[in-house]
Each structure stands twice: as structure tokens, then as C-alpha cells.
Amino acid sequence: MARKTSSLMQTCRLLLLVILFLPCEMTSSVLTVNGKTESYTLDTEPGLQESLRCAVQNHTREEELLWYREDRKVDLKSGNKINSSSVCVSSISEEDHGITFTCKLQRNQSVSVSVVLHVTFPPLLSGDDFQTAEEGSNVKLVCNVKSNPQAQMMWYKNSSILNLEKDHHQIQQTSEYLQLSITKIQKSDNGTYTCIANSSVEMKTKDFHLIVKDRTSTVPIEPIIAACVVVFLTLCFGLVARRHRIMKLCIKNNDPQSETAL
């Protein structure tokens with residue numbers, strides 16, 4: 001009976017210890033970035049500077065923090081790691097659009113908060129300004145574009161909306177470029193083509209100059225080679241025939257001398 005009582009007392013003490021320490025162990029640290037406990041998107045613009053401050057909430061001991069830019073770890077100074085840590089994103093550009101910054105708890109990196117940069121900027125257009133092509137050839141005008149939000153795009157020719165002709169013009173568009181293909185170009189295709197990109201931020205344009213040259217006359221090589229072969233063979237046959245005639249004359253001239261000698 002005494003053993004059972006002693007065993008029961010030990011069990012009760014163990015349960016009591018578990019209950020006493022349970023709140024301390026179960027209290028989990030919470031991360032916040034700029035006061036937000038959930039990952040979020042930060043709207044910004046080129047040229048601005050953004051500060052991201054990560055802090056530990058409900059911590060019972062010193063907690064080290066880590067920052068990542070995409071998959072690369074950010075180097076932090078020793079005084080910028082414990083319980084709170086800040087990173088500064090300066091001179092934001094169009095290239096920073098979609099970049100993710102993540103703050104993590106060093107001892108448990110599953111505890112994290114991420115911030116995705118949403119950079120709004122007007123259309124940026126690029127491409128080959130001048131193209132020269134021969135009449136009858138095919139040509140492509142490619143207008144490269146970067147824009148957020150995505151821009152509505154179209155082609156103009158000589159300051160008027162381009163009139164698309166079937167089997168002559170073809171347009172292909174993606175989020176990165178607007179391409180105009182012209183099949184068997186004519187003199188009438190000569191001119192200035194304008195790529196227009198219109199977004200909610202701003203409208204941008206870029207000119208492409210197409211110069212159509214006269215078709216160069218090409219001399220077929222095969223007939224020339226054939227003619228040369230014929231001329232060469234004719235000369236050869238002529239020389240051979242002339243040689244035979246000369247040899248016959250020589251033989252005739254030698255025959256009378258032979259008879260006189262006899």
C-alpha cells in the first residue's frame with residue numbers, strides 16, 4: 001500500500017512539474033515586419049527608399065534574427081541581429097519588382113515573415129531604331145517593353161494607326177514585346193513605325209524607321225558556268241579538228257617527194 005502511495009505521489013509531482021513548465025515552453029515567439037505578423041506586398045516606386053523592421057514578440061530569451069533577399073542571406077551588423085533587425089532598400093528600381101525579403105528566427109527558421117516589393121513604373125521601350133531591307137524580303141520590327149502594370153500596346157505608321165493587310169502584316173504580343181512581321185516588303189512599306197505602350201501610369205512611344213531598298217538584280221551562275229563549259233568544249237573540238245587538218249596537209253606534201261626519189 002505504501003509503495004502504491006509513493007508511486008502515486010511521484011506521478012502527481014511529475015504532472016505538476018509538467019503543468020508548471022508547460023506555459024513557458026508552449027509560448028512561441030512571433031515575428032512582425034513593420035508591425036505585420038503575416039507576409040505581405042509592399043507597394044513602392046522607382047527612386048524611393050523602403051525600411052523593413054523585423055521584431056520578435058512574446059520572446060522569453062534573446063532571439064537572433066536573419067534576413068534574406070530571395071535566397072541570399074543579408075549581412076547584418078552585430079548590433080542589428082538580436083530581438084529586432086532592420087534592412088534598408090535604397091534607390092529602388094524597376095529591377096526590384098517582385099523581389100522578396102524574408103525575416104527568419106535563427107533557432108527555428110520556419111518562423112518567418114516575407115515582404116514582396118511591388119514596384120509600379122511606366123513603360124520602358126527598346127529596340128532596333130533603324131532597319132534597311134530589300135524589296136521582296138521579310139522583316140520584323142520588335143518593340144521590347146517592361147511595364148508595371150502591363151501596358152496596352154499597338155503600332156502606328158507615319159502617325160496613323162497601322163492598317164493591317166492579310167498575308168502581309170502579322171502582329172505577335174507577349175508581356176515582354178510587341179512584334180510586327182512584314183512579309184515580302186514593298187516600297188509602300190517604307191516609313192516610320194511607332195510602338196505605343198499605354199499603361200495606367202503613363203503612355204510611352206518609340207519610333208522604328210524602315211528603309212526599303214530596290215531589289216538588286218542577281219545574275220544566275222548556273223547558265224554562265226554551262227555557257228563557259230560549252231565554249232571550252234567548242235574550242236577544244238576546234239583545236240583537235242584543226243590539228244587533224246594540218247597533219248593531213250603535211251602528209252600530202254610529203255608524198256610527191258617520196259615518188260620523185262624513187
# chains A, B, ... in the order shown; residues from 1 in each chain; ligands from 1

$ residues_around --residues "Phe101 of chain A" --least-positions-apart "3" --cutoff "9 Å" --atoms "only C-alpha atoms" --output "JSON, numbers by chain"
{"A": [52, 67, 68, 69, 70, 113, 114, 115, 116, 117]}

$ write_last_selection --atoms "N, CA and C atoms" --output "compact mmCIF listing (two decimals), in the first residue's frame"
# COMPACT_ATOMS: atom_id res chain seq x y z
N LEU A 52 12.59 48.12 -43.72
CA LEU A 52 11.88 46.94 -43.21
C LEU A 52 12.43 46.61 -41.83
N TRP A 67 17.99 37.85 -42.11
CA TRP A 67 17.30 38.46 -43.25
C TRP A 67 17.79 37.80 -44.54
N TYR A 68 16.86 37.56 -45.46
CA TYR A 68 17.20 37.01 -46.78
C TYR A 68 16.60 37.89 -47.87
N ARG A 69 17.41 38.13 -48.92
CA ARG A 69 16.90 38.74 -50.16
C ARG A 69 16.81 37.62 -51.18
N GLU A 70 15.60 37.23 -51.51
CA GLU A 70 15.38 36.00 -52.28
C GLU A 70 16.03 34.84 -51.52
N VAL A 113 8.52 35.90 -41.74
CA VAL A 113 7.58 36.83 -42.38
C VAL A 113 8.27 37.38 -43.63
N SER A 114 7.57 37.38 -44.76
CA SER A 114 8.15 37.84 -46.03
C SER A 114 7.45 39.10 -46.52
N VAL A 115 8.24 39.92 -47.24
CA VAL A 115 7.72 41.14 -47.86
C VAL A 115 8.10 41.11 -49.34
N VAL A 116 7.11 41.23 -50.22
CA VAL A 116 7.35 41.25 -51.67
C VAL A 116 7.22 42.68 -52.16
N LEU A 117 8.26 43.17 -52.87
CA LEU A 117 8.23 44.53 -53.40
C LEU A 117 7.38 44.58 -54.67

$ residues_around --residues "segment 141-157 of chain A" --least-positions-apart "4" --cutoff "6 Å" --atoms "only C-alpha atoms" --output "tab-separated table (two decimals) with N, CA, C and O atoms, in the first residue's frame"
chain	number	residue	atom	x	y	z
A	120	THR	N	5.80	49.94	-59.00
A	120	THR	CA	4.99	50.48	-60.10
A	120	THR	C	5.85	51.45	-60.92
A	120	THR	O	6.46	52.37	-60.37
A	121	PHE	N	5.90	51.24	-62.25
A	121	PHE	CA	6.71	52.11	-63.11
A	121	PHE	C	6.11	52.17	-64.51
A	121	PHE	O	5.42	51.25	-64.95
A	122	PRO	N	6.36	53.28	-65.24
A	122	PRO	CA	5.80	53.45	-66.59
A	122	PRO	C	6.51	52.54	-67.58
A	122	PRO	O	7.57	51.97	-67.28
A	123	PRO	N	5.96	52.38	-68.79
A	123	PRO	CA	6.58	51.51	-69.79
A	123	PRO	C	7.98	51.96	-70.17
A	123	PRO	O	8.25	53.15	-70.33
A	124	LEU	N	8.88	50.98	-70.30
A	124	LEU	CA	10.24	51.21	-70.79
A	124	LEU	C	10.37	50.47	-72.12
A	124	LEU	O	10.26	49.24	-72.17
A	125	LEU	N	10.61	51.22	-73.21
A	125	LEU	CA	10.64	50.64	-74.55
A	125	LEU	C	12.05	50.63	-75.11
A	125	LEU	O	12.84	51.55	-74.87
A	126	SER	N	12.37	49.59	-75.87
A	126	SER	CA	13.68	49.49	-76.51
A	126	SER	C	13.54	48.67	-77.79
A	126	SER	O	12.55	47.95	-77.98
A	127	GLY	N	14.56	48.76	-78.65
A	127	GLY	CA	14.54	48.01	-79.91
A	127	GLY	C	15.47	48.65	-80.93
A	127	GLY	O	16.08	49.70	-80.68
A	161	ILE	N	-2.87	55.03	-87.35
A	161	ILE	CA	-2.99	53.62	-86.95
A	161	ILE	C	-2.62	52.72	-88.13
A	161	ILE	O	-3.06	52.94	-89.26
A	162	LEU	N	-1.77	51.74	-87.87
A	162	LEU	CA	-1.32	50.84	-88.93
A	162	LEU	C	-2.48	50.02	-89.46
A	162	LEU	O	-3.20	49.36	-88.71
A	176	GLU	N	6.43	40.92	-72.76
A	176	GLU	CA	7.78	41.48	-72.88
A	176	GLU	C	8.05	42.18	-74.20
A	176	GLU	O	9.02	42.93	-74.30
A	177	TYR	N	7.23	41.96	-75.24
A	177	TYR	CA	7.50	42.62	-76.51
A	177	TYR	C	6.24	42.65	-77.38
A	177	TYR	O	5.29	41.90	-77.19
A	178	LEU	N	6.28	43.58	-78.36
A	178	LEU	CA	5.28	43.67	-79.42
A	178	LEU	C	6.02	43.57	-80.75
A	178	LEU	O	6.90	44.39	-81.03
A	179	GLN	N	5.71	42.56	-81.55
A	179	GLN	CA	6.45	42.31	-82.79
A	179	GLN	C	5.56	42.47	-84.01
A	179	GLN	O	4.45	41.96	-84.05
A	180	LEU	N	6.07	43.22	-84.99
A	180	LEU	CA	5.39	43.38	-86.27
A	180	LEU	C	6.21	42.68	-87.35
A	180	LEU	O	7.37	43.04	-87.58
A	192	THR	N	8.03	55.36	-91.08
A	192	THR	CA	8.30	55.35	-89.64
A	192	THR	C	7.17	54.63	-88.91
A	192	THR	O	6.00	55.03	-89.01
A	193	TYR	N	7.54	53.56	-88.20
A	193	TYR	CA	6.56	52.79	-87.43
A	193	TYR	C	6.74	53.16	-85.95
A	193	TYR	O	7.86	53.17	-85.44
A	194	THR	N	5.64	53.45	-85.27
A	194	THR	CA	5.68	53.89	-83.88
A	194	THR	C	5.04	52.85	-82.98
A	194	THR	O	3.89	52.44	-83.20
A	195	CYS	N	5.81	52.41	-81.99
A	195	CYS	CA	5.31	51.47	-80.97
A	195	CYS	C	4.75	52.31	-79.82
A	195	CYS	O	5.46	53.13	-79.24
A	196	ILE	N	3.48	52.09	-79.50
A	196	ILE	CA	2.81	52.86	-78.44
A	196	ILE	C	2.45	51.92	-77.30
A	196	ILE	O	1.83	50.88	-77.50
A	197	ALA	N	2.89	52.27	-76.09
A	197	ALA	CA	2.58	51.49	-74.87
A	197	ALA	C	1.85	52.41	-73.90
A	197	ALA	O	2.40	53.43	-73.47
A	198	ASN	N	0.63	52.05	-73.57
A	198	ASN	CA	-0.20	52.89	-72.72
A	198	ASN	C	-0.58	52.13	-71.46
A	198	ASN	O	-1.25	51.10	-71.51
A	199	SER	N	-0.12	52.61	-70.29
A	199	SER	CA	-0.48	52.00	-69.01
A	199	SER	C	-1.20	53.03	-68.16
A	199	SER	O	-1.30	54.21	-68.52

$ residues_around --residues "segment 74-84 of chain A" --least-positions-apart "4" --cutoff "12 Å" --atoms "only C-alpha atoms" --output "ChimeraX atom specification"
/A:29-35,52-70,88-89,101-107

$ residues_around --residues "Lys166 of chain A" --least-positions-apart "3" --cutoff "12 Å" --atoms "only C-alpha atoms" --output "number ranges by chain"
A: 163, 169-171, 181-183

$ write_last_selection --atoms "all heavy atoms" --output "mmCIF file, in the first residue's frame"
data_model
loop_
_atom_site.group_PDB
_atom_site.id
_atom_site.type_symbol
_atom_site.label_atom_id
_atom_site.label_comp_id
_atom_site.auth_asym_id
_atom_site.auth_seq_id
_atom_site.Cartn_x
_atom_site.Cartn_y
_atom_site.Cartn_z
ATOM 1 N N ASN A 163 -2.674 50.081 -90.773
ATOM 2 C CA ASN A 163 -3.720 49.309 -91.439
ATOM 3 C C ASN A 163 -3.164 47.925 -91.770
ATOM 4 O O ASN A 163 -2.327 47.778 -92.655
ATOM 5 C CB ASN A 163 -4.151 50.038 -92.719
ATOM 6 C CG ASN A 163 -5.530 49.622 -93.174
ATOM 7 O OD1 ASN A 163 -6.223 48.920 -92.476
ATOM 8 N ND2 ASN A 163 -5.900 50.085 -94.352
ATOM 9 N N HIS A 169 0.939 41.622 -93.101
ATOM 10 C CA HIS A 169 1.301 42.029 -91.746
ATOM 11 C C HIS A 169 0.877 40.955 -90.747
ATOM 12 O O HIS A 169 -0.165 40.329 -90.912
ATOM 13 C CB HIS A 169 0.611 43.345 -91.346
ATOM 14 C CG HIS A 169 1.001 44.513 -92.184
ATOM 15 N ND1 HIS A 169 0.160 45.059 -93.129
ATOM 16 C CD2 HIS A 169 2.151 45.249 -92.236
ATOM 17 C CE1 HIS A 169 0.760 46.082 -93.717
ATOM 18 N NE2 HIS A 169 1.973 46.219 -93.202
ATOM 19 N N GLN A 170 1.692 40.781 -89.752
ATOM 20 C CA GLN A 170 1.352 39.864 -88.652
ATOM 21 C C GLN A 170 1.900 40.444 -87.348
ATOM 22 O O GLN A 170 3.059 40.862 -87.281
ATOM 23 C CB GLN A 170 1.930 38.471 -88.889
ATOM 24 C CG GLN A 170 1.511 37.464 -87.823
ATOM 25 C CD GLN A 170 2.065 36.068 -88.093
ATOM 26 O OE1 GLN A 170 2.783 35.857 -89.065
ATOM 27 N NE2 GLN A 170 1.729 35.121 -87.247
ATOM 28 N N ILE A 171 1.062 40.469 -86.303
ATOM 29 C CA ILE A 171 1.456 41.021 -85.007
ATOM 30 C C ILE A 171 1.467 39.921 -83.959
ATOM 31 O O ILE A 171 0.547 39.110 -83.883
ATOM 32 C CB ILE A 171 0.501 42.157 -84.569
ATOM 33 C CG1 ILE A 171 0.721 43.391 -85.451
ATOM 34 C CG2 ILE A 171 0.724 42.540 -83.113
ATOM 35 C CD1 ILE A 171 -0.157 44.571 -85.102
ATOM 36 N N SER A 181 5.601 41.685 -88.017
ATOM 37 C CA SER A 181 6.267 40.978 -89.113
ATOM 38 C C SER A 181 5.639 41.421 -90.432
ATOM 39 O O SER A 181 4.406 41.432 -90.564
ATOM 40 C CB SER A 181 6.117 39.458 -88.947
ATOM 41 O OG SER A 181 6.686 39.030 -87.725
ATOM 42 N N ILE A 182 6.503 41.784 -91.391
ATOM 43 C CA ILE A 182 6.027 42.204 -92.711
ATOM 44 C C ILE A 182 6.608 41.243 -93.740
ATOM 45 O O ILE A 182 7.826 41.089 -93.844
ATOM 46 C CB ILE A 182 6.449 43.649 -93.033
ATOM 47 C CG1 ILE A 182 6.019 44.602 -91.908
ATOM 48 C CG2 ILE A 182 5.842 44.099 -94.358
ATOM 49 C CD1 ILE A 182 6.489 46.027 -92.109
ATOM 50 N N THR A 183 5.727 40.596 -94.500
ATOM 51 C CA THR A 183 6.140 39.595 -95.482
ATOM 52 C C THR A 183 6.244 40.228 -96.864
ATOM 53 O O THR A 183 5.344 40.962 -97.294
ATOM 54 C CB THR A 183 5.128 38.435 -95.517
ATOM 55 O OG1 THR A 183 4.985 37.895 -94.200
ATOM 56 C CG2 THR A 183 5.592 37.335 -96.453
#

$ select_by_dssp --residues "segment 30-176 of chain A" --states "strand (DSSP E or B)" --output "PyMOL selection string"
chain A and resi 30-33+36+40-44+50-57+64-69+72-73+82+84-89+100-105+112-119+121-126+130-134+139-148+152-157+160-161+169-173

$ closest_residue --among "A:Ser86, A:Ser91, A:Ser112, A:Lys73" --to "Pro46 of chain A" --atoms "only C-alpha atoms"
A:Ser91

$ decode --residues "segment 27-55 of chain A" --atoms "N, CA, C and O atoms" --output "PDB file, in the first residue's frame"
ATOM      1  N   THR A  27       4.735  28.840 -25.023  1.00  0.00           N
ATOM      2  CA  THR A  27       4.675  30.218 -25.501  1.00  0.00           C
ATOM      3  C   THR A  27       5.665  30.359 -26.652  1.00  0.00           C
ATOM      4  O   THR A  27       6.862  30.281 -26.457  1.00  0.00           O
ATOM      5  N   SER A  28       5.168  30.565 -27.885  1.00  0.00           N
ATOM      6  CA  SER A  28       6.029  30.629 -29.073  1.00  0.00           C
ATOM      7  C   SER A  28       6.288  32.076 -29.442  1.00  0.00           C
ATOM      8  O   SER A  28       5.428  32.947 -29.294  1.00  0.00           O
ATOM      9  N   SER A  29       7.506  32.320 -29.955  1.00  0.00           N
ATOM     10  CA  SER A  29       7.870  33.662 -30.400  1.00  0.00           C
ATOM     11  C   SER A  29       7.161  33.977 -31.713  1.00  0.00           C
ATOM     12  O   SER A  29       6.980  33.110 -32.568  1.00  0.00           O
ATOM     13  N   VAL A  30       6.771  35.233 -31.862  1.00  0.00           N
ATOM     14  CA  VAL A  30       6.073  35.696 -33.060  1.00  0.00           C
ATOM     15  C   VAL A  30       6.899  36.804 -33.700  1.00  0.00           C
ATOM     16  O   VAL A  30       7.396  37.701 -33.017  1.00  0.00           O
ATOM     17  N   LEU A  31       7.034  36.727 -35.036  1.00  0.00           N
ATOM     18  CA  LEU A  31       7.770  37.763 -35.762  1.00  0.00           C
ATOM     19  C   LEU A  31       6.805  38.770 -36.385  1.00  0.00           C
ATOM     20  O   LEU A  31       5.701  38.406 -36.826  1.00  0.00           O
ATOM     21  N   THR A  32       7.242  40.016 -36.434  1.00  0.00           N
ATOM     22  CA  THR A  32       6.493  41.042 -37.153  1.00  0.00           C
ATOM     23  C   THR A  32       7.470  41.822 -38.024  1.00  0.00           C
ATOM     24  O   THR A  32       8.628  42.024 -37.653  1.00  0.00           O
ATOM     25  N   VAL A  33       7.004  42.228 -39.203  1.00  0.00           N
ATOM     26  CA  VAL A  33       7.777  43.116 -40.067  1.00  0.00           C
ATOM     27  C   VAL A  33       6.934  44.358 -40.304  1.00  0.00           C
ATOM     28  O   VAL A  33       5.811  44.266 -40.830  1.00  0.00           O
ATOM     29  N   ASN A  34       7.469  45.493 -39.847  1.00  0.00           N
ATOM     30  CA  ASN A  34       6.729  46.762 -39.897  1.00  0.00           C
ATOM     31  C   ASN A  34       5.347  46.626 -39.254  1.00  0.00           C
ATOM     32  O   ASN A  34       4.346  47.169 -39.730  1.00  0.00           O
ATOM     33  N   GLY A  35       5.314  45.825 -38.159  1.00  0.00           N
ATOM     34  CA  GLY A  35       4.091  45.659 -37.387  1.00  0.00           C
ATOM     35  C   GLY A  35       3.140  44.614 -37.923  1.00  0.00           C
ATOM     36  O   GLY A  35       2.093  44.361 -37.308  1.00  0.00           O
ATOM     37  N   LYS A  36       3.466  43.940 -39.024  1.00  0.00           N
ATOM     38  CA  LYS A  36       2.587  42.929 -39.619  1.00  0.00           C
ATOM     39  C   LYS A  36       3.099  41.529 -39.275  1.00  0.00           C
ATOM     40  O   LYS A  36       4.288  41.252 -39.421  1.00  0.00           O
ATOM     41  N   THR A  37       2.190  40.666 -38.831  1.00  0.00           N
ATOM     42  CA  THR A  37       2.571  39.303 -38.459  1.00  0.00           C
ATOM     43  C   THR A  37       2.474  38.329 -39.637  1.00  0.00           C
ATOM     44  O   THR A  37       2.955  37.210 -39.535  1.00  0.00           O
ATOM     45  N   GLU A  38       1.853  38.752 -40.730  1.00  0.00           N
ATOM     46  CA  GLU A  38       1.715  37.905 -41.912  1.00  0.00           C
ATOM     47  C   GLU A  38       2.523  38.498 -43.066  1.00  0.00           C
ATOM     48  O   GLU A  38       2.781  39.706 -43.115  1.00  0.00           O
ATOM     49  N   SER A  39       2.919  37.624 -43.985  1.00  0.00           N
ATOM     50  CA  SER A  39       3.631  38.089 -45.175  1.00  0.00           C
ATOM     51  C   SER A  39       2.717  39.018 -45.987  1.00  0.00           C
ATOM     52  O   SER A  39       1.505  38.829 -46.030  1.00  0.00           O
ATOM     53  N   TYR A  40       3.319  40.015 -46.642  1.00  0.00           N
ATOM     54  CA  TYR A  40       2.502  40.981 -47.374  1.00  0.00           C
ATOM     55  C   TYR A  40       3.285  41.571 -48.541  1.00  0.00           C
ATOM     56  O   TYR A  40       4.492  41.346 -48.685  1.00  0.00           O
ATOM     57  N   THR A  41       2.576  42.349 -49.370  1.00  0.00           N
ATOM     58  CA  THR A  41       3.166  43.023 -50.529  1.00  0.00           C
ATOM     59  C   THR A  41       3.298  44.506 -50.225  1.00  0.00           C
ATOM     60  O   THR A  41       2.350  45.139 -49.752  1.00  0.00           O
ATOM     61  N   LEU A  42       4.477  45.052 -50.522  1.00  0.00           N
ATOM     62  CA  LEU A  42       4.750  46.458 -50.253  1.00  0.00           C
ATOM     63  C   LEU A  42       4.750  47.227 -51.570  1.00  0.00           C
ATOM     64  O   LEU A  42       5.573  46.977 -52.445  1.00  0.00           O
ATOM     65  N   ASP A  43       3.818  48.151 -51.732  1.00  0.00           N
ATOM     66  CA  ASP A  43       3.752  48.981 -52.930  1.00  0.00           C
ATOM     67  C   ASP A  43       4.793  50.097 -52.841  1.00  0.00           C
ATOM     68  O   ASP A  43       4.885  50.801 -51.824  1.00  0.00           O
ATOM     69  N   THR A  44       5.556  50.270 -53.912  1.00  0.00           N
ATOM     70  CA  THR A  44       6.594  51.296 -53.924  1.00  0.00           C
ATOM     71  C   THR A  44       6.835  51.768 -55.351  1.00  0.00           C
ATOM     72  O   THR A  44       6.200  51.278 -56.302  1.00  0.00           O
ATOM     73  N   GLU A  45       7.771  52.706 -55.535  1.00  0.00           N
ATOM     74  CA  GLU A  45       8.068  53.279 -56.840  1.00  0.00           C
ATOM     75  C   GLU A  45       9.579  53.425 -57.010  1.00  0.00           C
ATOM     76  O   GLU A  45      10.317  53.479 -56.020  1.00  0.00           O
ATOM     77  N   PRO A  46      10.056  53.510 -58.271  1.00  0.00           N
ATOM     78  CA  PRO A  46      11.491  53.697 -58.506  1.00  0.00           C
ATOM     79  C   PRO A  46      11.997  54.982 -57.849  1.00  0.00           C
ATOM     80  O   PRO A  46      11.326  56.013 -57.860  1.00  0.00           O
ATOM     81  N   GLY A  47      13.204  54.900 -57.285  1.00  0.00           N
ATOM     82  CA  GLY A  47      13.826  56.054 -56.659  1.00  0.00           C
ATOM     83  C   GLY A  47      13.531  56.203 -55.184  1.00  0.00           C
ATOM     84  O   GLY A  47      14.212  56.970 -54.493  1.00  0.00           O
ATOM     85  N   LEU A  48      12.537  55.477 -54.683  1.00  0.00           N
ATOM     86  CA  LEU A  48      12.199  55.581 -53.270  1.00  0.00           C
ATOM     87  C   LEU A  48      13.118  54.706 -52.422  1.00  0.00           C
ATOM     88  O   LEU A  48      13.853  53.865 -52.931  1.00  0.00           O
ATOM     89  N   GLN A  49      13.027  54.895 -51.105  1.00  0.00           N
ATOM     90  CA  GLN A  49      13.774  54.083 -50.141  1.00  0.00           C
ATOM     91  C   GLN A  49      12.784  53.482 -49.155  1.00  0.00           C
ATOM     92  O   GLN A  49      11.917  54.173 -48.627  1.00  0.00           O
ATOM     93  N   GLU A  50      12.912  52.187 -48.930  1.00  0.00           N
ATOM     94  CA  GLU A  50      11.997  51.492 -48.028  1.00  0.00           C
ATOM     95  C   GLU A  50      12.779  50.856 -46.882  1.00  0.00           C
ATOM     96  O   GLU A  50      13.843  50.263 -47.101  1.00  0.00           O
ATOM     97  N   SER A  51      12.244  50.999 -45.651  1.00  0.00           N
ATOM     98  CA  SER A  51      12.870  50.401 -44.467  1.00  0.00           C
ATOM     99  C   SER A  51      11.981  49.267 -43.951  1.00  0.00           C
ATOM    100  O   SER A  51      10.771  49.436 -43.788  1.00  0.00           O
ATOM    101  N   LEU A  52      12.592  48.121 -43.722  1.00  0.00           N
ATOM    102  CA  LEU A  52      11.878  46.945 -43.209  1.00  0.00           C
ATOM    103  C   LEU A  52      12.429  46.610 -41.826  1.00  0.00           C
ATOM    104  O   LEU A  52      13.615  46.315 -41.681  1.00  0.00           O
ATOM    105  N   ARG A  53      11.552  46.653 -40.798  1.00  0.00           N
ATOM    106  CA  ARG A  53      11.984  46.365 -39.427  1.00  0.00           C
ATOM    107  C   ARG A  53      11.304  45.092 -38.937  1.00  0.00           C
ATOM    108  O   ARG A  53      10.086  44.984 -38.914  1.00  0.00           O
ATOM    109  N   CYS A  54      12.141  44.123 -38.585  1.00  0.00           N
ATOM    110  CA  CYS A  54      11.655  42.840 -38.072  1.00  0.00           C
ATOM    111  C   CYS A  54      11.861  42.802 -36.558  1.00  0.00           C
ATOM    112  O   CYS A  54      12.930  43.176 -36.059  1.00  0.00           O
ATOM    113  N   ALA A  55      10.834  42.362 -35.812  1.00  0.00           N
ATOM    114  CA  ALA A  55      10.923  42.304 -34.347  1.00  0.00           C
ATOM    115  C   ALA A  55      10.308  41.009 -33.846  1.00  0.00           C
ATOM    116  O   ALA A  55       9.423  40.425 -34.469  1.00  0.00           O
TER     117      ALA A  55
END
